[in-house]
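Q: File name model_37.tsv; file contents TSV, C-alpha atoms and all ligand atoms; full text below.
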chain	number	residue	atom	x	y	z
A	1	MET	CA	115.01	112.81	19.99
A	2	ALA	CA	111.70	113.77	18.35
A	3	LEU	CA	108.80	111.67	19.58
A	4	ASN	CA	105.94	111.33	17.14
A	5	ARG	CA	102.45	109.97	17.81
A	6	ARG	CA	103.26	106.61	16.23
A	7	ASP	CA	106.38	106.18	18.41
A	8	PHE	CA	104.45	107.16	21.48
A	9	LEU	CA	101.62	104.74	20.68
A	10	LYS	CA	104.10	101.92	20.14
A	11	ILE	CA	105.89	102.65	23.41
A	12	ALA	CA	102.64	103.14	25.30
A	13	ALA	CA	101.08	100.00	23.83
A	14	ALA	CA	104.18	98.00	24.71
A	15	GLY	CA	104.16	99.42	28.22
A	16	VAL	CA	100.48	98.84	28.79
A	17	GLY	CA	100.75	95.45	27.11
A	18	ALA	CA	103.62	94.39	29.35
A	19	ALA	CA	101.84	95.70	32.42
A	20	GLY	CA	98.65	94.06	31.19
A	21	ALA	CA	100.33	90.69	30.67
A	22	ALA	CA	101.92	90.83	34.09
A	23	ASP	CA	98.67	91.96	35.62
A	24	THR	CA	96.63	89.35	33.80
A	25	ALA	CA	98.46	86.69	35.76
A	26	LYS	CA	97.57	88.48	38.95
A	27	ALA	CA	94.25	89.89	37.79
A	28	LEU	CA	92.16	87.04	39.04
A	29	GLN	CA	93.72	86.99	42.47
A	30	ARG	CA	95.14	89.17	45.13
A	31	GLY	CA	97.45	87.49	47.60
A	32	PRO	CA	95.95	84.82	49.86
A	33	LYS	CA	95.07	85.83	53.40
A	34	PRO	CA	96.90	83.90	56.10
A	35	MET	CA	95.27	81.92	58.89
A	36	PRO	CA	94.99	84.24	61.91
A	37	PRO	CA	97.68	83.50	64.50
A	38	GLU	CA	95.31	82.25	67.22
A	39	ALA	CA	92.69	80.83	64.87
A	40	LEU	CA	90.02	78.86	66.69
A	41	GLY	CA	88.03	76.22	64.94
A	42	MET	CA	86.42	72.83	64.94
A	43	LEU	CA	87.27	69.36	63.73
A	44	TYR	CA	84.14	67.55	62.62
A	45	ASP	CA	84.82	63.84	62.19
A	46	SER	CA	81.90	62.43	60.25
A	47	THR	CA	82.92	58.88	61.17
A	48	LEU	CA	82.33	59.65	64.87
A	49	CYS	CA	78.98	61.34	64.33
A	50	ILE	CA	76.01	59.18	65.30
A	51	GLY	CA	73.39	61.59	64.03
A	52	CYS	CA	71.89	62.18	67.47
A	53	LYS	CA	71.42	65.90	66.71
A	54	ALA	CA	72.24	66.86	70.28
A	55	CYS	CA	74.39	69.58	68.69
A	56	VAL	CA	71.40	70.95	66.78
A	57	ALA	CA	69.30	71.19	69.95
A	58	ALA	CA	72.18	72.67	71.96
A	59	CYS	CA	72.85	75.23	69.26
A	60	LYS	CA	69.19	76.30	69.33
A	61	GLU	CA	69.20	76.63	73.08
A	62	ALA	CA	72.52	78.47	73.29
A	63	ASN	CA	71.55	80.91	70.57
A	64	ASP	CA	67.91	81.33	71.50
A	65	MET	CA	66.65	80.09	68.14
A	66	PRO	CA	63.04	78.96	67.72
A	67	PRO	CA	62.04	75.42	66.73
A	68	GLU	CA	61.37	74.61	63.10
A	69	HIS	CA	58.61	72.22	62.14
A	70	THR	CA	58.93	70.27	58.92
A	71	GLY	CA	57.29	67.17	57.42
A	72	GLN	CA	55.11	64.75	59.36
A	73	ALA	CA	56.50	65.69	62.72
A	74	GLU	CA	54.91	69.11	62.37
A	75	ALA	CA	54.01	70.84	65.59
A	76	ILE	CA	55.63	68.14	67.73
A	77	TRP	CA	59.40	68.11	67.19
A	78	ASP	CA	61.99	70.63	66.13
A	79	THR	CA	62.91	69.04	62.81
A	80	PRO	CA	65.14	71.34	60.74
A	81	VAL	CA	66.43	69.84	57.53
A	82	GLU	CA	68.34	72.84	56.22
A	83	LEU	CA	70.08	75.91	57.59
A	84	SER	CA	67.58	78.72	57.89
A	85	GLY	CA	66.78	81.90	59.76
A	86	LYS	CA	65.81	79.64	62.67
A	87	THR	CA	68.56	77.02	62.41
A	88	LEU	CA	72.32	77.72	62.57
A	89	ASN	CA	73.48	74.10	62.53
A	90	VAL	CA	71.99	71.05	60.85
A	91	ILE	CA	72.92	67.37	60.60
A	92	LYS	CA	72.33	65.86	57.18
A	93	VAL	CA	72.69	62.29	56.00
A	94	TYR	CA	74.25	60.78	52.89
A	95	GLN	CA	72.44	57.63	51.79
A	96	ASP	CA	73.23	55.07	49.11
A	97	GLY	CA	71.48	51.82	48.13
A	98	ASP	CA	70.29	49.74	51.05
A	99	MET	CA	72.30	51.84	53.56
A	100	GLU	CA	73.76	48.67	55.03
A	101	GLN	CA	76.80	50.17	56.69
A	102	LYS	CA	77.76	53.51	58.17
A	103	ASP	CA	80.63	55.46	56.58
A	104	ARG	CA	80.55	53.50	53.35
A	105	GLU	CA	80.03	55.15	49.99
A	106	VAL	CA	78.23	52.24	48.28
A	107	ASN	CA	75.20	50.78	50.07
A	108	GLY	CA	76.08	52.91	53.02
A	109	TYR	CA	75.33	56.15	54.81
A	110	ALA	CA	77.16	58.92	56.62
A	111	PHE	CA	76.35	62.06	58.56
A	112	VAL	CA	77.53	65.56	57.90
A	113	LYS	CA	77.19	68.70	60.01
A	114	ARG	CA	76.60	71.98	58.26
A	115	HIS	CA	77.16	75.47	59.62
A	116	CYS	CA	79.47	78.40	59.02
A	117	LEU	CA	83.03	77.25	58.34
A	118	HIS	CA	84.61	80.54	59.40
A	119	CYS	CA	86.60	80.89	56.19
A	120	VAL	CA	90.17	82.18	56.36
A	121	ASP	CA	89.33	84.66	53.58
A	122	PRO	CA	85.54	84.94	53.79
A	123	SER	CA	83.52	86.03	50.78
A	124	CYS	CA	80.71	87.18	53.09
A	125	VAL	CA	83.07	89.74	54.65
A	126	SER	CA	84.41	90.78	51.26
A	127	VAL	CA	81.01	91.46	49.69
A	128	CYS	CA	79.36	93.20	52.65
A	129	PRO	CA	79.16	96.91	51.76
A	130	VAL	CA	78.74	98.10	55.36
A	131	SER	CA	81.13	95.81	57.26
A	132	ALA	CA	78.27	94.03	58.99
A	133	MET	CA	80.26	90.79	58.52
A	134	THR	CA	83.61	90.86	60.26
A	135	LYS	CA	86.46	88.46	60.83
A	136	ASP	CA	88.28	88.64	64.12
A	137	PRO	CA	91.95	89.31	63.33
A	138	LEU	CA	93.12	87.09	66.19
A	139	THR	CA	90.69	84.17	66.40
A	140	GLY	CA	89.37	84.33	62.84
A	141	ILE	CA	85.76	83.98	63.98
A	142	VAL	CA	83.41	85.46	61.38
A	143	GLU	CA	80.51	87.34	62.92
A	144	HIS	CA	77.42	89.08	61.61
A	145	HIS	CA	76.49	92.38	63.28
A	146	ALA	CA	72.76	92.94	62.98
A	147	ASP	CA	73.05	96.58	64.08
A	148	ARG	CA	75.09	97.45	60.98
A	149	CYS	CA	73.29	95.19	58.48
A	150	ILE	CA	71.19	96.87	55.76
A	151	GLY	CA	69.61	93.60	54.62
A	152	CYS	CA	71.10	93.64	51.09
A	153	ARG	CA	71.76	89.87	51.37
A	154	TYR	CA	75.01	90.05	49.36
A	155	CYS	CA	76.50	87.69	51.96
A	156	VAL	CA	73.78	85.15	51.22
A	157	GLU	CA	74.77	85.18	47.55
A	158	GLY	CA	78.50	85.50	48.21
A	159	CYS	CA	79.00	82.55	50.56
A	160	PRO	CA	80.27	79.51	48.63
A	161	PHE	CA	78.87	77.21	51.34
A	162	ALA	CA	75.34	78.68	51.30
A	163	VAL	CA	75.49	79.47	55.00
A	164	PRO	CA	73.99	82.88	55.81
A	165	LYS	CA	70.19	82.79	55.75
A	166	PHE	CA	67.71	85.62	55.80
A	167	GLU	CA	64.60	85.56	57.97
A	168	TYR	CA	62.14	86.03	55.12
A	169	ASN	CA	59.12	85.30	57.30
A	170	GLU	CA	59.88	88.00	59.84
A	171	ALA	CA	58.61	91.58	59.58
A	172	PHE	CA	62.11	92.86	60.42
A	173	GLY	CA	64.08	89.93	59.05
A	174	GLN	CA	67.77	89.59	59.74
A	175	ILE	CA	70.69	87.54	58.50
A	176	GLN	CA	71.40	84.51	60.67
A	177	LYS	CA	74.47	82.31	60.77
A	178	CYS	CA	76.66	80.45	63.27
A	179	GLN	CA	78.77	82.97	65.21
A	180	PHE	CA	80.86	80.16	66.71
A	181	CYS	CA	79.08	80.80	70.01
A	182	SER	CA	81.30	83.83	70.57
A	183	HIS	CA	79.04	84.87	73.45
A	184	LEU	CA	79.86	81.60	75.23
A	185	GLN	CA	83.54	81.83	74.36
A	186	ALA	CA	83.58	85.33	75.89
A	187	LYS	CA	82.56	83.64	79.16
A	188	GLY	CA	85.30	81.02	78.87
A	189	GLN	CA	82.98	78.31	77.56
A	190	ILE	CA	83.28	76.28	74.38
A	191	PRO	CA	80.72	76.27	71.53
A	192	ALA	CA	77.52	74.52	72.59
A	193	CYS	CA	77.63	71.95	69.77
A	194	CYS	CA	81.11	70.77	70.82
A	195	ASP	CA	80.15	70.86	74.46
A	196	VAL	CA	77.28	68.37	74.08
A	197	CYS	CA	78.63	66.07	71.40
A	198	PRO	CA	78.80	62.63	73.06
A	199	THR	CA	81.45	61.15	70.78
A	200	GLY	CA	83.77	64.07	70.08
A	201	ALA	CA	82.59	64.26	66.46
A	202	SER	CA	82.50	68.03	66.93
A	203	LEU	CA	85.75	69.01	68.60
A	204	PHE	CA	86.75	72.56	69.51
A	205	GLY	CA	90.32	73.87	69.57
A	206	LYS	CA	93.05	75.86	67.87
A	207	VAL	CA	93.00	75.17	64.15
A	208	SER	CA	96.71	74.29	64.11
A	209	ASP	CA	96.18	71.71	66.88
A	210	LEU	CA	93.05	70.34	65.23
A	211	SER	CA	95.00	69.88	61.98
A	212	GLU	CA	97.61	67.85	63.84
A	213	GLU	CA	94.93	65.76	65.50
A	214	ALA	CA	93.32	65.10	62.12
A	215	ARG	CA	96.68	64.00	60.73
A	216	ARG	CA	97.20	61.62	63.66
A	217	ARG	CA	93.87	59.97	62.87
A	218	LEU	CA	94.70	59.71	59.18
A	219	ALA	CA	98.09	58.18	60.01
A	220	GLY	CA	96.46	55.32	61.98
A	221	GLN	CA	95.23	52.01	60.58
A	222	ALA	CA	91.53	51.47	59.93
A	223	GLY	CA	90.15	49.32	62.75
A	224	GLU	CA	92.84	50.35	65.25
A	225	ARG	CA	91.60	51.49	68.70
A	226	TYR	CA	91.91	55.22	69.22
A	227	VAL	CA	91.15	57.56	72.10
A	228	PHE	CA	89.05	60.42	70.81
A	229	THR	CA	88.99	63.66	72.79
A	230	ARG	CA	85.55	65.11	73.45
A	231	GLY	CA	84.55	68.75	73.78
A	232	GLU	CA	87.81	70.65	73.52
A	233	LEU	CA	91.19	69.46	72.31
A	234	GLY	CA	93.40	69.46	75.40
A	235	GLY	CA	90.33	69.58	77.66
A	236	ASP	CA	89.88	67.33	80.66
A	237	ARG	CA	86.63	65.52	80.03
A	238	PRO	CA	86.68	61.72	79.68
A	239	PRO	CA	87.49	60.67	76.12
A	240	HIS	CA	85.56	58.39	73.80
A	241	GLU	CA	87.35	55.23	72.68
A	242	ALA	CA	86.48	53.69	69.34
A	243	LYS	CA	88.01	52.17	66.21
A	244	LEU	CA	89.58	54.37	63.55
A	245	ALA	CA	87.55	54.45	60.37
A	246	ASP	CA	88.80	53.82	56.88
A	247	TYR	CA	89.23	57.53	56.24
A	248	ILE	CA	89.49	59.36	52.95
A	249	LYS	CA	93.15	60.38	53.28
A	250	ASP	CA	92.54	64.08	53.21
A	251	ILE	CA	91.40	66.87	55.49
A	252	TYR	CA	88.62	68.92	53.98
A	253	GLY	CA	88.98	72.63	54.57
A	254	GLU	CA	92.74	73.04	54.70
A	255	LYS	CA	93.05	74.10	51.07
A	256	GLN	CA	89.62	74.62	49.58
A	257	LEU	CA	88.71	78.23	48.79
A	258	GLY	CA	91.60	79.68	50.73
A	259	GLY	CA	91.02	77.44	53.76
A	260	VAL	CA	88.41	77.33	56.50
A	261	GLN	CA	88.56	77.01	60.27
A	262	VAL	CA	86.14	74.09	60.49
A	263	LEU	CA	87.93	70.98	59.24
A	264	TYR	CA	86.27	67.74	58.14
A	265	LEU	CA	87.30	64.09	58.21
A	266	SER	CA	85.19	61.47	56.49
A	267	ALA	CA	85.23	57.93	55.17
A	268	VAL	CA	82.89	58.92	52.33
A	269	PRO	CA	84.10	61.28	49.56
A	270	PHE	CA	83.57	64.84	50.68
A	271	GLU	CA	81.50	65.74	47.64
A	272	LYS	CA	79.02	63.01	48.62
A	273	LEU	CA	78.54	64.90	51.87
A	274	GLY	CA	77.66	68.01	49.91
A	275	LEU	CA	80.99	69.76	50.49
A	276	PRO	CA	82.19	71.56	47.35
A	277	THR	CA	85.39	69.92	46.09
A	278	ASN	CA	85.68	71.21	42.54
A	279	VAL	CA	86.81	74.59	43.80
A	280	PRO	CA	90.04	76.59	43.61
A	281	GLU	CA	92.56	76.79	46.43
A	282	TYR	CA	92.15	80.56	46.61
A	283	SER	CA	89.02	82.21	47.89
A	284	TYR	CA	86.40	83.79	45.69
A	285	ALA	CA	87.04	86.98	47.67
A	286	ALA	CA	90.64	86.96	46.39
A	287	ILE	CA	89.41	86.62	42.81
A	288	ALA	CA	86.73	89.31	43.12
A	289	GLU	CA	88.97	91.79	44.90
A	290	GLY	CA	91.80	91.03	42.44
A	291	ILE	CA	89.56	91.85	39.48
A	292	GLN	CA	88.28	94.99	41.22
A	293	HIS	CA	91.75	96.29	41.94
A	294	THR	CA	93.02	95.40	38.47
A	295	LEU	CA	90.10	97.21	36.87
A	296	TYR	CA	90.91	100.31	38.85
A	297	LYS	CA	94.54	100.00	37.81
A	298	TRP	CA	93.61	99.56	34.15
A	299	MET	CA	91.37	102.61	34.34
A	300	ILE	CA	94.51	104.60	35.17
A	301	ALA	CA	96.42	103.25	32.14
A	302	PRO	CA	94.04	104.73	29.49
A	303	ALA	CA	94.09	108.03	31.39
A	304	VAL	CA	97.89	108.11	31.27
A	305	LEU	CA	97.75	107.16	27.60
A	306	LEU	CA	95.32	110.00	26.86
A	307	VAL	CA	97.41	112.59	28.70
A	308	GLY	CA	100.51	111.38	26.84
A	309	LEU	CA	98.76	111.58	23.48
A	310	LEU	CA	97.55	115.09	24.21
A	311	TYR	CA	101.13	116.06	25.08
A	312	VAL	CA	102.49	114.59	21.83
A	313	VAL	CA	99.74	116.27	19.75
A	314	ARG	CA	100.29	119.64	21.43
A	315	ARG	CA	104.05	119.38	21.07
A	316	ASN	CA	103.82	118.33	17.43
A	317	LEU	CA	101.37	121.14	16.69
A	318	GLY	CA	103.77	123.57	18.35
A	319	ARG	CA	106.69	122.26	16.31
A	320	ARG	CA	104.64	122.55	13.14
A	321	GLY	CA	103.72	126.10	14.02
A	322	GLU	CA	107.40	126.93	14.53
A	323	ALA	CA	108.69	125.14	11.45
A	324	GLY	CA	105.90	126.07	9.04
A	325	ASN	CA	105.85	123.64	6.13
A	326	GLU	CA	109.54	122.71	6.42
A	327	SER	CA	108.98	119.13	7.40
A	328	GLY	CA	105.88	118.33	5.37
A	329	ALA	CA	107.21	114.87	4.42
A	330	ASP	CA	107.47	113.99	8.10
A	331	GLN	CA	103.99	115.31	8.76
A	332	SER	CA	102.43	113.47	5.84
A	333	SER	CA	104.33	110.37	6.79
A	334	ASP	CA	103.02	110.73	10.30
A	335	ARG	CA	99.47	111.32	9.05
A	336	GLY	CA	99.70	108.47	6.61
A	337	GLN	CA	100.66	106.01	9.25
A	338	SER	CA	98.37	107.16	11.98
A	401	LIG	S1	81.14	79.82	55.32
A	401	LIG	FE1	80.08	81.53	54.32
A	401	LIG	S2	79.21	82.70	56.00
A	401	LIG	FE2	80.80	81.39	56.88
A	401	LIG	S3	82.68	82.65	56.84
A	401	LIG	FE3	82.66	81.45	54.96
A	401	LIG	S4	81.71	82.84	53.45
A	401	LIG	FE4	81.19	83.63	55.49
A	402	LIG	S1	79.42	76.96	67.17
A	402	LIG	FE1	77.57	77.60	68.31
A	402	LIG	S2	76.36	78.71	66.76
A	402	LIG	FE2	77.89	77.51	65.64
A	402	LIG	S3	76.88	75.56	65.15
A	402	LIG	FE3	77.97	75.26	67.09
A	402	LIG	S4	76.44	75.71	68.66
A	402	LIG	FE4	75.66	76.56	66.75
A	403	LIG	S1	76.08	65.83	68.84
A	403	LIG	FE1	77.91	64.96	67.89
A	403	LIG	S2	77.31	62.86	67.39
A	403	LIG	FE2	75.41	63.95	67.82
A	403	LIG	S3	74.75	64.67	65.78
A	403	LIG	FE3	75.96	66.32	66.65
A	403	LIG	S4	78.04	65.99	65.87
A	403	LIG	FE4	76.89	64.07	65.57
The structure given in the file should be rewritten as structure tokens.

A:
Amino acid sequence: MALNRRDFLKIAAAGVGAAGAADTAKALQRGPKPMPPEALGMLYDSTLCIGCKACVAACKEANDMPPEHTGQAEAIWDTPVELSGKTLNVIKVYQDGDMEQKDREVNGYAFVKRHCLHCVDPSCVSVCPVSAMTKDPLTGIVEHHADRCIGCRYCVEGCPFAVPKFEYNEAFGQIQKCQFCSHLQAKGQIPACCDVCPTGASLFGKVSDLSEEARRRLAGQAGERYVFTRGELGGDRPPHEAKLADYIKDIYGEKQLGGVQVLYLSAVPFEKLGLPTNVPEYSYAAIAEGIQHTLYKWMIAPAVLLVGLLYVVRRNLGRRGEAGNESGADQSSDRGQS
């Protein structure tokens, strides 16, 4: 069967169109990345946090971070108010009205701990051009490797939780972020912030076990007595007994942005604690890498189209050369419709 340019274009357009339509659905995402099999993480229960900041001090000590002086307490106390090149973990407070009662949205207050959430599908790893950010395939801990870092700060821009910070005030500034105290874990210890937390608000463990623990708390009645583990889930230190709070019936971090390994419970809406809630269930890395791969794929389609067109043109020219002016009507028809 003779194939003219118009036929080829129709077939090619249909093919590319069909591929395009199918790809469009997938274009914005590649498949989600699964939680690593032995994922380690933390359950931060805001209702247990008393704002003592022992975790902030312990984090500084364990990671050899300098003090940070802010506000009136300058030059006396270490008073970080935000994550920075000197601070890997910070306790912030939500306040409303007269702040009468803890863990209440209206006229209340609540604490929230901020540090790296060790995303299941981390954008910081995805955007780093030199693999200075890595995710452990077994534990899922996301680490920054200063020896590989070129200081481009893509991770700073790429992190949806605004975690990595650059040491702008240092001559040879570096990226800083919570490494989940991997150096302590390598020695069989637990992260310093979980180790010192007096109430178990910061609890270390396997993410799957922490999820179950969070569900147990959510299944209880507000006001019911509950025995809260401190330090490490399954550890042997004396627990902390207190009443269950009137929780928001959700676990922050299980679904948001492809999931994270630091889970949150709270009695105040998560967005009030500064945790992004209006976000997709897939990670931004999945979207960005999906677009990238689709673009590459679509760059192949025009190339195939061009090669095909050249083939049709060459073949038609050859046929015309062989047939002379025999099929002029066909040629003019072809020309007229091209
Ligand atoms: S919270 Fe930010 S820095 Fe931490 S793993 Fe996720 S993307 Fe990376
Ligand atoms: S896990 Fe370690 S580095 Fe991360 S916030 Fe806790 S103490 Fe700091
Ligand atoms: S040590 Fe525990 S209770 Fe104290 S501020 Fe940190 S998370 Fe909250």

Q: Between A:Gln174, A:Gln101, A:Thr134, A:Ser202, which one has atoms that come closest to ligand LIG 402 (chain A), using all atoms listed in the file?

A: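 Answer, going by the shortest atom-to-atom distance: A:Ser202.
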
Q: Name each residue within 7 Å of ligand LIG 403 (chain A), counting all atoms listed in the file, as a list in words.

A: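 These are the residues that qualify: Leu48, Cys49, Ile50, Gly51, Cys52, Lys53, Ala54, Cys55, Val56, Ile91, Lys113, Cys193, Val196, Cys197, Pro198, Thr199, Gly200, Ala201 and Ser202 of chain A.
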
Q: Please produce a file of those selected residues containing C-alpha atoms, as a CSV table (one decimal), keeping the file's coordinate frame.

A:
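Written out: selection_21.csv:
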chain,number,residue,atom,x,y,z
A,48,LEU,CA,82.3,59.6,64.9
A,49,CYS,CA,79.0,61.3,64.3
A,50,ILE,CA,76.0,59.2,65.3
A,51,GLY,CA,73.4,61.6,64.0
A,52,CYS,CA,71.9,62.2,67.5
A,53,LYS,CA,71.4,65.9,66.7
A,54,ALA,CA,72.2,66.9,70.3
A,55,CYS,CA,74.4,69.6,68.7
A,56,VAL,CA,71.4,71.0,66.8
A,91,ILE,CA,72.9,67.4,60.6
A,113,LYS,CA,77.2,68.7,60.0
A,193,CYS,CA,77.6,72.0,69.8
A,196,VAL,CA,77.3,68.4,74.1
A,197,CYS,CA,78.6,66.1,71.4
A,198,PRO,CA,78.8,62.6,73.1
A,199,THR,CA,81.4,61.2,70.8
A,200,GLY,CA,83.8,64.1,70.1
A,201,ALA,CA,82.6,64.3,66.5
A,202,SER,CA,82.5,68.0,66.9

Q: Would you mind reading off the distance between CA of Phe161 in chain A and atom FE2 of ligand LIG 401 (chain A), one decimal, in Å?

A: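 Computing the Euclidean distance for CA of Phe161 in chain A and atom FE2 of ligand LIG 401 (chain A) yields 7.2 Å.
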
Q: For ligand LIG 401 (chain A), collect every residue having any atom at a distance of at most 6 Å from a ligand atom (counting all atoms listed in the file); output as a ChimeraX atom specification.

A: /A:116-119,122-124,142,159,161,163-164

Q: Which residues, written as a PyMOL selection string, have at least one atom at most 8 Å from Phe204 in chain A, with all atoms listed in the file counted and residues fewer than 5 positions away on the same chain left out?

A: chain A and resi 40-43+190-191+194+210+231-233

Q: In Å, how far is it from CA of Arg114 in chain A to CA of Thr79 in chain A?

A: 14.7 Å
